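Data file: run23.txt. Format and content: compact mmCIF, C-alpha atoms.
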# COMPACT_ATOMS: atom_id res chain seq x y z
CA MET A 875 0.96 11.69 -4.87
CA GLY A 876 4.67 11.04 -4.49
CA ARG A 877 6.37 8.00 -5.87
CA TRP A 878 7.73 6.91 -2.47
CA GLU A 879 4.64 7.26 -0.32
CA PRO A 880 5.95 5.99 3.05
CA GLY A 881 4.27 2.81 4.31
CA ALA A 882 2.06 2.71 1.21
CA ARG A 883 2.35 -1.03 0.78
CA GLU A 884 1.32 -1.76 4.37
CA ARG A 885 -1.57 0.71 4.22
CA LEU A 886 -2.84 -0.87 1.01
CA GLU A 887 -2.54 -4.37 2.50
CA ARG A 888 -4.42 -3.35 5.62
CA ALA A 889 -7.19 -1.58 3.68
CA ALA A 890 -7.54 -4.52 1.27
CA LEU A 891 -7.79 -7.12 4.06
CA ASP A 892 -10.32 -4.97 5.96
CA LEU A 893 -12.51 -4.75 2.86
CA TYR A 894 -12.13 -8.44 1.92
CA VAL A 895 -13.27 -9.41 5.43
CA GLU A 896 -16.14 -6.85 5.48
CA ARG A 897 -17.53 -7.29 1.96
CA GLY A 898 -15.91 -10.41 0.52
CA PHE A 899 -13.00 -10.63 -1.90
CA GLU A 900 -15.11 -10.68 -5.11
CA GLN A 901 -17.13 -7.64 -4.09
CA THR A 902 -14.11 -5.42 -3.39
CA THR A 903 -12.59 -3.22 -6.13
CA VAL A 904 -9.10 -1.75 -6.33
CA ALA A 905 -10.73 1.72 -6.30
CA GLU A 906 -12.32 0.93 -2.92
CA ILE A 907 -9.00 -0.29 -1.54
CA THR A 908 -7.13 2.86 -2.60
CA ASN A 909 -9.95 5.10 -1.29
CA ARG A 910 -9.80 3.37 2.09
CA ALA A 911 -6.01 3.66 2.16
CA GLY A 912 -6.05 7.28 0.97
CA LEU A 913 -3.76 6.45 -1.95
CA THR A 914 -4.05 6.40 -5.75
CA GLU A 915 -4.64 3.40 -7.99
CA ARG A 916 -1.28 4.16 -9.59
CA THR A 917 0.37 3.59 -6.22
CA PHE A 918 -1.58 0.34 -5.81
CA PHE A 919 -0.36 -1.00 -9.13
CA ARG A 920 3.22 -0.06 -8.33
CA HIS A 921 3.01 -2.55 -5.45
CA PHE A 922 0.58 -5.25 -6.63
CA ALA A 923 -0.32 -6.74 -10.02
CA ASP A 924 -3.98 -7.07 -8.97
CA LYS A 925 -6.21 -7.35 -5.89
CA ARG A 926 -5.43 -11.08 -5.55
CA GLU A 927 -1.69 -10.42 -5.27
CA VAL A 928 -2.29 -8.49 -2.02
CA LEU A 929 -2.99 -11.90 -0.44
CA PHE A 930 -0.09 -13.78 -2.04
CA SER A 931 2.70 -11.23 -2.39
CA GLY A 932 4.89 -12.49 0.47
CA GLN A 933 5.18 -16.01 -0.89
CA ALA A 934 8.00 -15.48 -3.40
CA GLU A 935 10.27 -14.27 -0.55
CA MET A 936 9.12 -17.16 1.63
CA LEU A 937 10.07 -19.63 -1.12
CA GLU A 938 13.49 -18.05 -1.57
CA SER A 939 14.22 -18.00 2.19
CA CYS A 940 13.16 -21.63 2.49
CA VAL A 941 15.38 -22.75 -0.36
CA ASN A 942 18.36 -20.82 1.05
CA ALA A 943 17.80 -22.28 4.53
CA ILE A 944 17.75 -25.83 3.14
CA VAL A 945 20.82 -25.35 0.97
CA GLY A 946 22.63 -23.97 4.05
CA THR A 947 21.62 -26.81 6.42
CA PRO A 948 24.52 -29.05 7.56
CA GLU A 949 24.74 -32.37 5.66
CA ALA A 950 24.18 -34.38 8.85
CA VAL A 951 20.61 -33.09 9.28
CA ALA A 952 18.00 -35.58 7.98
CA PRO A 953 15.98 -34.30 4.98
CA LEU A 954 12.62 -33.97 6.76
CA ASP A 955 14.28 -32.17 9.69
CA ALA A 956 16.01 -29.82 7.24
CA VAL A 957 12.61 -28.98 5.70
CA ALA A 958 11.02 -28.43 9.13
CA GLU A 959 13.90 -26.19 10.24
CA ALA A 960 13.63 -24.12 7.07
CA LEU A 961 9.89 -23.68 7.58
CA GLN A 962 10.49 -22.75 11.23
CA ALA A 963 13.04 -20.14 10.13
CA VAL A 964 10.60 -18.46 7.74
CA SER A 965 7.73 -18.72 10.21
CA ALA A 966 9.24 -15.86 12.25
CA ARG A 967 7.95 -13.45 9.63
CA LEU A 968 4.41 -14.85 9.93
CA GLU A 969 4.76 -14.75 13.71
CA GLU A 970 4.89 -10.95 13.72
CA ARG A 971 1.73 -10.85 11.67
CA ARG A 972 -0.52 -13.35 13.38
CA GLU A 973 -3.65 -11.23 13.19
CA ARG A 974 -3.06 -10.51 9.50
CA SER A 975 -2.56 -14.26 8.92
CA GLN A 976 -5.86 -15.03 10.65
CA ARG A 977 -7.77 -12.47 8.60
CA ARG A 978 -6.09 -13.62 5.40
CA GLN A 979 -7.12 -17.23 6.19
CA THR A 980 -10.75 -16.16 6.71
CA VAL A 981 -10.80 -14.46 3.30
CA ILE A 982 -9.23 -17.44 1.52
CA ALA A 983 -11.48 -20.02 3.23
CA ALA A 984 -14.54 -18.16 1.87
CA ASN A 985 -13.49 -18.32 -1.79
CA ALA A 986 -12.78 -21.53 -3.78
CA ALA A 987 -10.65 -19.76 -6.41
CA LEU A 988 -8.41 -18.28 -3.67
CA GLN A 989 -8.10 -21.70 -2.02
CA GLU A 990 -7.01 -23.18 -5.34
CA ARG A 991 -4.42 -20.43 -5.75
CA GLU A 992 -3.13 -21.01 -2.20
CA LEU A 993 -2.78 -24.75 -2.87
CA LEU A 994 -0.91 -24.08 -6.12
CA LYS A 995 1.50 -21.76 -4.29
CA LEU A 996 2.10 -24.43 -1.63
CA ALA A 997 2.69 -27.02 -4.38
CA SER A 998 5.30 -24.70 -5.97
CA LEU A 999 6.93 -24.34 -2.57
CA ALA A 1000 7.06 -28.15 -2.18
CA SER A 1001 8.62 -28.49 -5.60
CA ALA A 1002 11.26 -25.79 -4.88
CA ILE A 1003 12.07 -27.49 -1.56
CA ALA A 1004 12.46 -30.90 -3.26
CA ASP A 1005 14.82 -29.25 -5.73
CA ALA A 1006 16.88 -27.69 -2.90
CA LEU A 1007 17.13 -31.10 -1.20
CA ARG A 1008 18.35 -32.70 -4.43
CA ARG A 1009 21.03 -30.00 -4.64
CA ARG A 1010 22.15 -31.17 -1.18
CA GLY A 1011 22.51 -34.71 -2.57
CA VAL A 1012 19.22 -36.17 -1.31
CA THR A 1013 18.02 -38.78 -3.83
CA GLU A 1014 14.50 -39.47 -5.12
CA PRO A 1015 11.90 -40.36 -3.94
CA THR A 1016 13.19 -39.17 -0.51
CA ALA A 1017 13.63 -35.56 -1.69
CA SER A 1018 10.04 -35.24 -2.98
CA LEU A 1019 8.57 -37.18 -0.05
CA SER A 1020 10.39 -35.06 2.54
CA ALA A 1021 9.31 -31.86 0.78
CA GLU A 1022 5.65 -32.94 0.52
CA ALA A 1023 5.54 -34.34 4.05
CA GLY A 1024 7.27 -31.20 5.39
CA LEU A 1025 4.64 -29.04 3.70
CA ALA A 1026 1.92 -31.32 5.13
CA VAL A 1027 3.37 -30.64 8.60
CA PHE A 1028 3.48 -26.91 7.89
CA LYS A 1029 -0.12 -26.85 6.60
CA VAL A 1030 -1.51 -28.65 9.66
CA ALA A 1031 0.69 -26.61 12.05
CA TYR A 1032 -0.34 -23.32 10.44
CA GLU A 1033 -4.04 -24.13 10.81
CA ARG A 1034 -3.53 -25.16 14.46
CA TRP A 1035 -1.55 -21.99 15.20
CA ILE A 1036 -4.14 -19.73 13.51
CA GLY A 1037 -6.98 -21.45 15.37
CA GLU A 1038 -5.61 -21.60 18.90
CA PRO A 1039 -5.06 -18.80 21.45
CA ALA A 1040 -1.72 -17.01 20.98
CA VAL A 1041 0.29 -19.08 23.46
CA ARG A 1042 2.77 -21.07 21.36
CA THR A 1043 4.88 -19.72 18.51
CA LEU A 1044 4.31 -21.09 15.01
CA ALA A 1045 7.82 -22.60 15.16
CA ASP A 1046 6.79 -24.52 18.31
CA VAL A 1047 3.60 -25.80 16.68
CA ILE A 1048 5.62 -26.92 13.61
CA GLN A 1049 8.00 -28.85 15.92
CA ASP A 1050 5.12 -30.43 17.82
CA SER A 1051 3.39 -31.43 14.57
CA LEU A 1052 6.60 -32.93 13.20
CA ASP A 1053 6.98 -34.95 16.41
CA HIS A 1054 3.38 -36.22 16.03
CA LEU A 1055 4.05 -37.22 12.41
CA LYS A 1056 7.22 -39.05 13.44
CA ALA A 1057 5.29 -40.90 16.15
CA ALA A 1058 2.52 -41.76 13.63
CA THR A 1059 4.99 -43.16 11.09
CA ALA A 1060 6.99 -45.08 13.70
CA ALA A 1061 3.86 -46.70 15.22
CA GLU A 1062 3.87 -50.48 15.02
CA ARG A 1063 1.01 -52.11 13.15
CA MET B 121 -30.14 -40.94 -30.10
CA GLY B 122 -31.30 -43.30 -27.36
CA ARG B 123 -31.20 -42.45 -23.70
CA TRP B 124 -29.04 -45.46 -22.84
CA GLU B 125 -26.39 -45.26 -25.55
CA PRO B 126 -24.11 -48.20 -24.58
CA GLY B 127 -20.57 -47.19 -23.59
CA ALA B 128 -21.40 -43.52 -24.20
CA ARG B 129 -19.54 -42.32 -21.14
CA GLU B 130 -16.33 -44.14 -22.07
CA ARG B 131 -16.54 -42.96 -25.70
CA LEU B 132 -16.99 -39.36 -24.56
CA GLU B 133 -14.07 -39.66 -22.13
CA ARG B 134 -11.80 -41.10 -24.79
CA ALA B 135 -12.77 -38.49 -27.39
CA ALA B 136 -12.34 -35.67 -24.87
CA LEU B 137 -8.88 -36.84 -23.73
CA ASP B 138 -7.76 -37.30 -27.35
CA LEU B 139 -8.80 -33.73 -28.17
CA TYR B 140 -7.34 -32.21 -24.97
CA VAL B 141 -3.98 -33.85 -25.78
CA GLU B 142 -4.10 -32.86 -29.50
CA ARG B 143 -5.40 -29.28 -29.20
CA GLY B 144 -5.19 -28.33 -25.55
CA PHE B 145 -8.00 -28.24 -23.00
CA GLU B 146 -8.97 -24.58 -23.52
CA GLN B 147 -9.19 -24.95 -27.30
CA THR B 148 -11.56 -27.93 -27.22
CA THR B 149 -15.35 -27.47 -27.26
CA VAL B 150 -18.06 -29.87 -26.13
CA ALA B 151 -19.35 -29.89 -29.75
CA GLU B 152 -15.98 -31.18 -30.94
CA ILE B 153 -15.96 -33.89 -28.27
CA THR B 154 -19.44 -35.14 -29.18
CA ASN B 155 -18.60 -35.02 -32.92
CA ARG B 156 -15.49 -37.10 -32.33
CA ALA B 157 -17.46 -39.57 -30.19
CA GLY B 158 -20.39 -39.68 -32.63
CA LEU B 159 -22.83 -38.68 -29.88
CA THR B 160 -25.06 -35.68 -29.15
CA GLU B 161 -24.37 -32.82 -26.75
CA ARG B 162 -27.48 -33.89 -24.86
CA THR B 163 -25.81 -37.23 -24.17
CA PHE B 164 -22.63 -35.42 -23.08
CA PHE B 165 -24.51 -33.32 -20.55
CA ARG B 166 -26.30 -36.37 -19.18
CA HIS B 167 -22.88 -37.67 -18.13
CA PHE B 168 -20.81 -34.56 -17.37
CA ALA B 169 -21.62 -31.08 -16.04
CA ASP B 170 -18.99 -29.52 -18.34
CA LYS B 171 -15.80 -30.38 -20.24
CA ARG B 172 -13.70 -30.03 -17.07
CA GLU B 173 -15.72 -32.71 -15.27
CA VAL B 174 -14.56 -35.30 -17.84
CA LEU B 175 -11.15 -35.07 -16.12
CA PHE B 176 -12.42 -35.11 -12.53
CA SER B 177 -15.54 -37.27 -12.57
CA GLY B 178 -14.03 -40.38 -10.92
CA GLN B 179 -12.90 -38.54 -7.82
CA ALA B 180 -16.15 -38.54 -5.85
CA GLU B 181 -16.19 -42.37 -5.97
CA MET B 182 -12.51 -42.47 -5.06
CA LEU B 183 -13.19 -40.30 -2.00
CA GLU B 184 -16.09 -42.50 -0.90
CA SER B 185 -14.10 -45.74 -1.36
CA CYS B 186 -11.19 -44.29 0.58
CA VAL B 187 -13.37 -43.20 3.47
CA ASN B 188 -15.10 -46.61 3.61
CA ALA B 189 -11.75 -48.43 3.52
CA ILE B 190 -10.44 -46.35 6.44
CA VAL B 191 -13.58 -46.75 8.52
CA GLY B 192 -13.35 -50.54 7.93
CA THR B 193 -9.65 -50.87 8.85
CA PRO B 194 -8.97 -52.83 12.07
CA GLU B 195 -8.26 -50.63 15.11
CA ALA B 196 -4.76 -52.08 15.50
CA VAL B 197 -3.54 -50.61 12.20
CA ALA B 198 -1.59 -47.35 12.71
CA PRO B 199 -3.27 -44.25 11.17
CA LEU B 200 -0.73 -43.61 8.39
CA ASP B 201 -0.78 -47.31 7.43
CA ALA B 202 -4.58 -47.21 7.34
CA VAL B 203 -4.42 -44.25 4.94
CA ALA B 204 -1.83 -45.97 2.73
CA GLU B 205 -3.89 -49.19 2.63
CA ALA B 206 -7.02 -47.26 1.67
CA LEU B 207 -5.15 -45.49 -1.14
CA GLN B 208 -3.71 -48.81 -2.30
CA ALA B 209 -7.22 -50.30 -2.38
CA VAL B 210 -8.57 -47.51 -4.61
CA SER B 211 -5.46 -47.54 -6.79
CA ALA B 212 -6.66 -50.79 -8.43
CA ARG B 213 -9.15 -48.72 -10.42
CA LEU B 214 -6.39 -46.41 -11.68
CA GLU B 215 -4.24 -49.46 -12.40
CA GLU B 216 -6.60 -50.62 -15.14
CA ARG B 217 -6.44 -47.22 -16.74
CA ARG B 218 -2.75 -46.41 -16.69
CA GLU B 219 -2.64 -44.96 -20.19
CA ARG B 220 -5.69 -42.79 -19.51
CA SER B 221 -4.02 -41.59 -16.27
CA GLN B 222 -0.86 -40.64 -18.18
CA ARG B 223 -2.79 -38.69 -20.80
CA ARG B 224 -4.91 -37.02 -18.14
CA GLN B 225 -1.73 -35.96 -16.30
CA THR B 226 -0.30 -34.44 -19.49
CA VAL B 227 -3.46 -32.36 -19.99
CA ILE B 228 -3.53 -31.16 -16.37
CA ALA B 229 0.20 -30.32 -16.28
CA ALA B 230 -0.30 -27.99 -19.27
CA ASN B 231 -3.03 -25.86 -17.63
CA ALA B 232 -2.67 -23.92 -14.35
CA ALA B 233 -6.43 -23.77 -13.71
CA LEU B 234 -6.69 -27.57 -14.03
CA GLN B 235 -3.71 -28.01 -11.70
CA GLU B 236 -5.44 -25.80 -9.13
CA ARG B 237 -8.63 -27.85 -9.45
CA GLU B 238 -6.65 -31.10 -9.04
CA LEU B 239 -4.97 -29.75 -5.89
CA LEU B 240 -8.33 -28.66 -4.45
CA LYS B 241 -9.75 -32.15 -5.08
CA LEU B 242 -6.73 -33.72 -3.34
CA ALA B 243 -7.18 -31.31 -0.42
CA SER B 244 -10.85 -32.37 -0.12
CA LEU B 245 -9.72 -35.99 -0.15
CA ALA B 246 -7.21 -35.27 2.67
CA SER B 247 -9.91 -33.58 4.69
CA ALA B 248 -12.38 -36.49 4.19
CA ILE B 249 -9.64 -38.96 5.19
CA ALA B 250 -8.83 -36.98 8.36
CA ASP B 251 -12.52 -37.04 9.20
CA ALA B 252 -12.69 -40.83 8.68
CA LEU B 253 -9.66 -41.27 10.97
CA ARG B 254 -11.31 -39.16 13.68
CA ARG B 255 -14.38 -41.41 13.41
CA ARG B 256 -12.03 -44.32 14.17
CA GLY B 257 -10.94 -42.51 17.35
CA VAL B 258 -7.66 -41.02 16.07
CA THR B 259 -7.07 -37.69 17.82
CA GLU B 260 -5.77 -34.41 16.43
CA PRO B 261 -3.24 -33.45 15.17
CA THR B 262 -2.42 -37.10 14.31
CA ALA B 263 -5.57 -37.53 12.16
CA SER B 264 -4.84 -34.48 9.97
CA LEU B 265 -1.10 -35.20 9.80
CA SER B 266 -1.65 -38.83 8.78
CA ALA B 267 -4.18 -37.78 6.13
CA GLU B 268 -1.92 -35.06 4.69
CA ALA B 269 1.21 -37.22 4.84
CA GLY B 270 -0.69 -40.15 3.29
CA LEU B 271 -1.79 -37.90 0.42
CA ALA B 272 1.80 -36.67 0.07
CA VAL B 273 2.88 -40.30 -0.33
CA PHE B 274 0.10 -40.90 -2.86
CA LYS B 275 0.98 -37.79 -4.88
CA VAL B 276 4.69 -38.70 -5.12
CA ALA B 277 3.89 -42.38 -5.82
CA TYR B 278 1.37 -41.50 -8.52
CA GLU B 279 3.89 -39.29 -10.33
CA ARG B 280 6.56 -42.00 -10.10
CA TRP B 281 4.14 -44.65 -11.38
CA ILE B 282 2.96 -42.47 -14.30
CA GLY B 283 6.55 -41.62 -15.24
CA GLU B 284 8.21 -45.04 -15.08
CA PRO B 285 7.86 -48.07 -17.40
CA ALA B 286 4.85 -50.26 -16.51
CA VAL B 287 6.71 -52.71 -14.29
CA ARG B 288 5.39 -52.12 -10.77
CA THR B 289 1.75 -51.67 -9.78
CA LEU B 290 0.65 -48.34 -8.30
CA ALA B 291 -0.04 -50.16 -5.01
CA ASP B 292 3.62 -51.31 -4.97
CA VAL B 293 4.91 -47.81 -5.65
CA ILE B 294 2.70 -46.44 -2.83
CA GLN B 295 4.16 -49.05 -0.45
CA ASP B 296 7.71 -48.26 -1.53
CA SER B 297 7.11 -44.51 -1.12
CA LEU B 298 5.60 -45.03 2.33
CA ASP B 299 8.67 -47.06 3.33
CA HIS B 300 10.93 -44.25 2.10
CA LEU B 301 8.95 -41.68 4.08
CA LYS B 302 9.18 -43.84 7.20
CA ALA B 303 12.94 -44.15 6.73
CA ALA B 304 13.21 -40.36 6.24
CA THR B 305 11.24 -39.59 9.42
CA ALA B 306 13.09 -42.20 11.48
CA ALA B 307 16.55 -40.95 10.37
CA GLU B 308 18.70 -39.73 13.23
CA ARG B 309 19.95 -36.17 13.05

Render the structure in this file as structure tokens.
Amino acid sequence: MGRWEPGARERLERAALDLYVERGFEQTTVAEITNRAGLTERTFFRHFADKREVLFSGQAEMLESCVNAIVGTPEAVAPLDAVAEALQAVSARLEERRERSQRRQTVIAANAALQERELLKLASLASAIADALRRRGVTEPTASLSAEAGLAVFKVAYERWIGEPAVRTLADVIQDSLDHLKAATAAER
Amino acid sequence: MGRWEPGARERLERAALDLYVERGFEQTTVAEITNRAGLTERTFFRHFADKREVLFSGQAEMLESCVNAIVGTPEAVAPLDAVAEALQAVSARLEERRERSQRRQTVIAANAALQERELLKLASLASAIADALRRRGVTEPTASLSAEAGLAVFKVAYERWIGEPAVRTLADVIQDSLDHLKAATAAER
């Protein structure tokens, strides 16, 4: 099979997600994924380190885009707003793949080890965002708090968006969640 | 060795932490922990399911105390403040064990699998807190956002408290972090 099999990555992703949903993540082998996709294992391993990476491969790009968006945000934008805007910017990519996101979430929710991996990836994202804010001159603890709170908004918004009918964009749900958090923190005691 | 070895649990915890710091978590066996503590493996397994549980055993109580504190908070207290107060209430227990907390953090930071477990435990805590808020009549998404943002405050505060000289209490650092988050969300664009 040729080295540059067109669309190989997408076919492997689709086959893997189908099998993870049908049989469970643990029960699926790389051989089954490549059979389903009509590709070789060699092709699989050119694209993914292992069957877990099929679920997490987009996150390095997401981290980089987020960091770049924050570094490029005008100084006048408040830290938490800068984080929310960066997450809204990267959410466009998830937007196009709503159904994939839903299926991916189902697979991860069914497996504790995958949930732990997802949380570790989100924690790395928070730490990269805090670092980007510090490079913009935001001091501690505001940089870390804005990064963690921004990720909290993203996490809640993502679950709402996955769970509700496809009416609002993810960017809209992020904005709405941020507004709710602002209202909750501004509330008088 | 008697069934009710006095202070056995604490001796096992201390021996385990000493060994995890000296040799690394992976390299330490239960046999080494019980040797160091001068106790039997049978005693160890009466207190802990495995060597990982030595690091995570207090968290079920912490979750229960948090949930009870939130359910008992007066209605007039805003959701995020209720979460912060609950976390401040449980922080007294960590306060007494600052050195243990520091050593525990060192062990966890050195091991990706332990970090993942810690994040999963914090995520369970966030989800239990959101549930407690809903029982107090807080609606979604405010319940989930307040729980996640409250945990974000706790996470940042805990790391600050562990890392700085023992001047302020953890409850003080939580309050200060909450105030910083409020300032960051209230900031005009």

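Distance criterion 7 Å to chain B, applied with only C-alpha atoms, yields A:Ala950, A:Val951, A:Ala952, A:Pro953, A:Leu954, A:Glu990, A:Arg991, A:Leu993, A:Leu994, A:Pro1015, A:Thr1016, A:Ser1018, A:Leu1019, A:Ser1020, A:Glu1022, A:Ala1023, A:Ala1026, A:Val1027, A:Val1030, A:Ser1051, A:His1054, A:Leu1055, A:Lys1056, A:Ala1058, A:Thr1059, A:Ala1060, A:Ala1061, A:Glu1062, A:Arg1063 on chain A.
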
> Using all atoms listed in the file, which residues sit within 12 Å of Asn909 in chain A once same-chain residues fewer than 4 positions away are excluded, as a VMD selection string?
Replying inline: chain A and resid 885 to 886 889 to 890 893 902 to 905 913 to 915 917 to 918

Centre and edges of the range 251-258 of chain B box, axis-aligned, 6 Å extra per side, as lines of an AutoDock Vina configuration file:
center_x = -11.0
center_y = -40.7
center_z = 13.0
size_x = 18.7
size_y = 19.3
size_z = 20.7

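In this structure, CA of Ala984 in chain A sits 22.8 Å away from CA of Leu999 in chain A.
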
> If we count only C-alpha atoms, what is near Phe922 in chain A at a cut-off of 12 Å, once residues fewer than 2 positions away on the same chain are taken out, given as a VMD selection string?
Replying inline: chain A and resid 882 to 884 886 to 887 890 904 907 to 908 915 to 920 924 to 932

Using the selection just defined, write its residues with C-alpha atoms as a short mmCIF file (atom, residue, chain, number, x, y, z; two decimals), keeping the file's coordinate frame.
data_model
loop_
_atom_site.label_atom_id
_atom_site.label_comp_id
_atom_site.auth_asym_id
_atom_site.auth_seq_id
_atom_site.Cartn_x
_atom_site.Cartn_y
_atom_site.Cartn_z
CA ALA A 882 2.06 2.71 1.21
CA ARG A 883 2.35 -1.03 0.78
CA GLU A 884 1.32 -1.76 4.37
CA LEU A 886 -2.84 -0.87 1.01
CA GLU A 887 -2.54 -4.37 2.50
CA ALA A 890 -7.54 -4.52 1.27
CA VAL A 904 -9.10 -1.75 -6.33
CA ILE A 907 -9.00 -0.29 -1.54
CA THR A 908 -7.13 2.86 -2.60
CA GLU A 915 -4.64 3.40 -7.99
CA ARG A 916 -1.28 4.16 -9.59
CA THR A 917 0.37 3.59 -6.22
CA PHE A 918 -1.58 0.34 -5.81
CA PHE A 919 -0.36 -1.00 -9.13
CA ARG A 920 3.22 -0.06 -8.33
CA ASP A 924 -3.98 -7.07 -8.97
CA LYS A 925 -6.21 -7.35 -5.89
CA ARG A 926 -5.43 -11.08 -5.55
CA GLU A 927 -1.69 -10.42 -5.27
CA VAL A 928 -2.29 -8.49 -2.02
CA LEU A 929 -2.99 -11.90 -0.44
CA PHE A 930 -0.09 -13.78 -2.04
CA SER A 931 2.70 -11.23 -2.39
CA GLY A 932 4.89 -12.49 0.47
#

> What is the distance, in Å and to one decimal place, between CA of Arg218 in chain B and CA of Glu284 in chain B?
Replying inline: 11.2 Å

>> Taking 5 positions as the minimum chain separation for residues in the same chain, which residues sit within 10 Å of Ser939 in chain A when counting all atoms listed in the file? Answer as an MDAnalysis selection string.
In response: chainID A and resid 933:934 944:945 960:961 963:964

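If you measure from each of B:Arg256, B:Arg143, B:Arg156, B:Arg217 to Pro194 in chain B using all atoms listed in the file, the closest one turns out to be B:Arg256.
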
Could you add whatever atoms are missing so that range 226-240 of chain B carries N, CA, C and O atoms, then write the result as a PDB file, in the coordinates of the input?
ATOM      1  N   THR B 226      -0.872 -35.332 -18.494  1.00  0.00           N
ATOM      2  CA  THR B 226      -0.300 -34.440 -19.490  1.00  0.00           C
ATOM      3  C   THR B 226      -1.189 -33.207 -19.686  1.00  0.00           C
ATOM      4  O   THR B 226      -0.704 -32.073 -19.740  1.00  0.00           O
ATOM      5  N   VAL B 227      -2.502 -33.447 -19.776  1.00  0.00           N
ATOM      6  CA  VAL B 227      -3.460 -32.360 -19.990  1.00  0.00           C
ATOM      7  C   VAL B 227      -3.445 -31.411 -18.788  1.00  0.00           C
ATOM      8  O   VAL B 227      -3.385 -30.183 -18.934  1.00  0.00           O
ATOM      9  N   ILE B 228      -3.466 -31.978 -17.585  1.00  0.00           N
ATOM     10  CA  ILE B 228      -3.530 -31.160 -16.370  1.00  0.00           C
ATOM     11  C   ILE B 228      -2.237 -30.358 -16.185  1.00  0.00           C
ATOM     12  O   ILE B 228      -2.268 -29.183 -15.832  1.00  0.00           O
ATOM     13  N   ALA B 229      -1.091 -31.000 -16.464  1.00  0.00           N
ATOM     14  CA  ALA B 229       0.200 -30.320 -16.280  1.00  0.00           C
ATOM     15  C   ALA B 229       0.325 -29.095 -17.187  1.00  0.00           C
ATOM     16  O   ALA B 229       1.065 -28.162 -16.886  1.00  0.00           O
ATOM     17  N   ALA B 230      -0.426 -29.080 -18.295  1.00  0.00           N
ATOM     18  CA  ALA B 230      -0.300 -27.990 -19.270  1.00  0.00           C
ATOM     19  C   ALA B 230      -1.223 -26.808 -18.955  1.00  0.00           C
ATOM     20  O   ALA B 230      -1.237 -25.821 -19.680  1.00  0.00           O
ATOM     21  N   ASN B 231      -2.006 -26.877 -17.868  1.00  0.00           N
ATOM     22  CA  ASN B 231      -3.030 -25.860 -17.630  1.00  0.00           C
ATOM     23  C   ASN B 231      -3.110 -25.530 -16.128  1.00  0.00           C
ATOM     24  O   ASN B 231      -3.515 -26.371 -15.320  1.00  0.00           O
ATOM     25  N   ALA B 232      -2.736 -24.300 -15.775  1.00  0.00           N
ATOM     26  CA  ALA B 232      -2.670 -23.920 -14.350  1.00  0.00           C
ATOM     27  C   ALA B 232      -4.020 -24.047 -13.649  1.00  0.00           C
ATOM     28  O   ALA B 232      -4.078 -24.495 -12.504  1.00  0.00           O
ATOM     29  N   ALA B 233      -5.103 -23.699 -14.339  1.00  0.00           N
ATOM     30  CA  ALA B 233      -6.430 -23.770 -13.710  1.00  0.00           C
ATOM     31  C   ALA B 233      -6.800 -25.223 -13.396  1.00  0.00           C
ATOM     32  O   ALA B 233      -7.399 -25.512 -12.356  1.00  0.00           O
ATOM     33  N   LEU B 234      -6.418 -26.145 -14.277  1.00  0.00           N
ATOM     34  CA  LEU B 234      -6.690 -27.570 -14.030  1.00  0.00           C
ATOM     35  C   LEU B 234      -5.819 -28.090 -12.885  1.00  0.00           C
ATOM     36  O   LEU B 234      -6.261 -28.891 -12.065  1.00  0.00           O
ATOM     37  N   GLN B 235      -4.571 -27.616 -12.817  1.00  0.00           N
ATOM     38  CA  GLN B 235      -3.710 -28.010 -11.700  1.00  0.00           C
ATOM     39  C   GLN B 235      -4.310 -27.557 -10.374  1.00  0.00           C
ATOM     40  O   GLN B 235      -4.308 -28.293  -9.389  1.00  0.00           O
ATOM     41  N   GLU B 236      -4.830 -26.320 -10.362  1.00  0.00           N
ATOM     42  CA  GLU B 236      -5.440 -25.800  -9.130  1.00  0.00           C
ATOM     43  C   GLU B 236      -6.637 -26.645  -8.735  1.00  0.00           C
ATOM     44  O   GLU B 236      -6.822 -26.984  -7.574  1.00  0.00           O
ATOM     45  N   ARG B 237      -7.455 -27.023  -9.723  1.00  0.00           N
ATOM     46  CA  ARG B 237      -8.630 -27.850  -9.450  1.00  0.00           C
ATOM     47  C   ARG B 237      -8.209 -29.207  -8.897  1.00  0.00           C
ATOM     48  O   ARG B 237      -8.776 -29.703  -7.929  1.00  0.00           O
ATOM     49  N   GLU B 238      -7.168 -29.801  -9.495  1.00  0.00           N
ATOM     50  CA  GLU B 238      -6.650 -31.100  -9.040  1.00  0.00           C
ATOM     51  C   GLU B 238      -6.174 -31.001  -7.577  1.00  0.00           C
ATOM     52  O   GLU B 238      -6.473 -31.875  -6.756  1.00  0.00           O
ATOM     53  N   LEU B 239      -5.461 -29.928  -7.254  1.00  0.00           N
ATOM     54  CA  LEU B 239      -4.970 -29.750  -5.890  1.00  0.00           C
ATOM     55  C   LEU B 239      -6.122 -29.573  -4.904  1.00  0.00           C
ATOM     56  O   LEU B 239      -6.077 -30.072  -3.780  1.00  0.00           O
ATOM     57  N   LEU B 240      -7.173 -28.853  -5.334  1.00  0.00           N
ATOM     58  CA  LEU B 240      -8.330 -28.660  -4.450  1.00  0.00           C
ATOM     59  C   LEU B 240      -9.040 -29.996  -4.207  1.00  0.00           C
ATOM     60  O   LEU B 240      -9.471 -30.278  -3.087  1.00  0.00           O
TER      61      LEU B 240
END
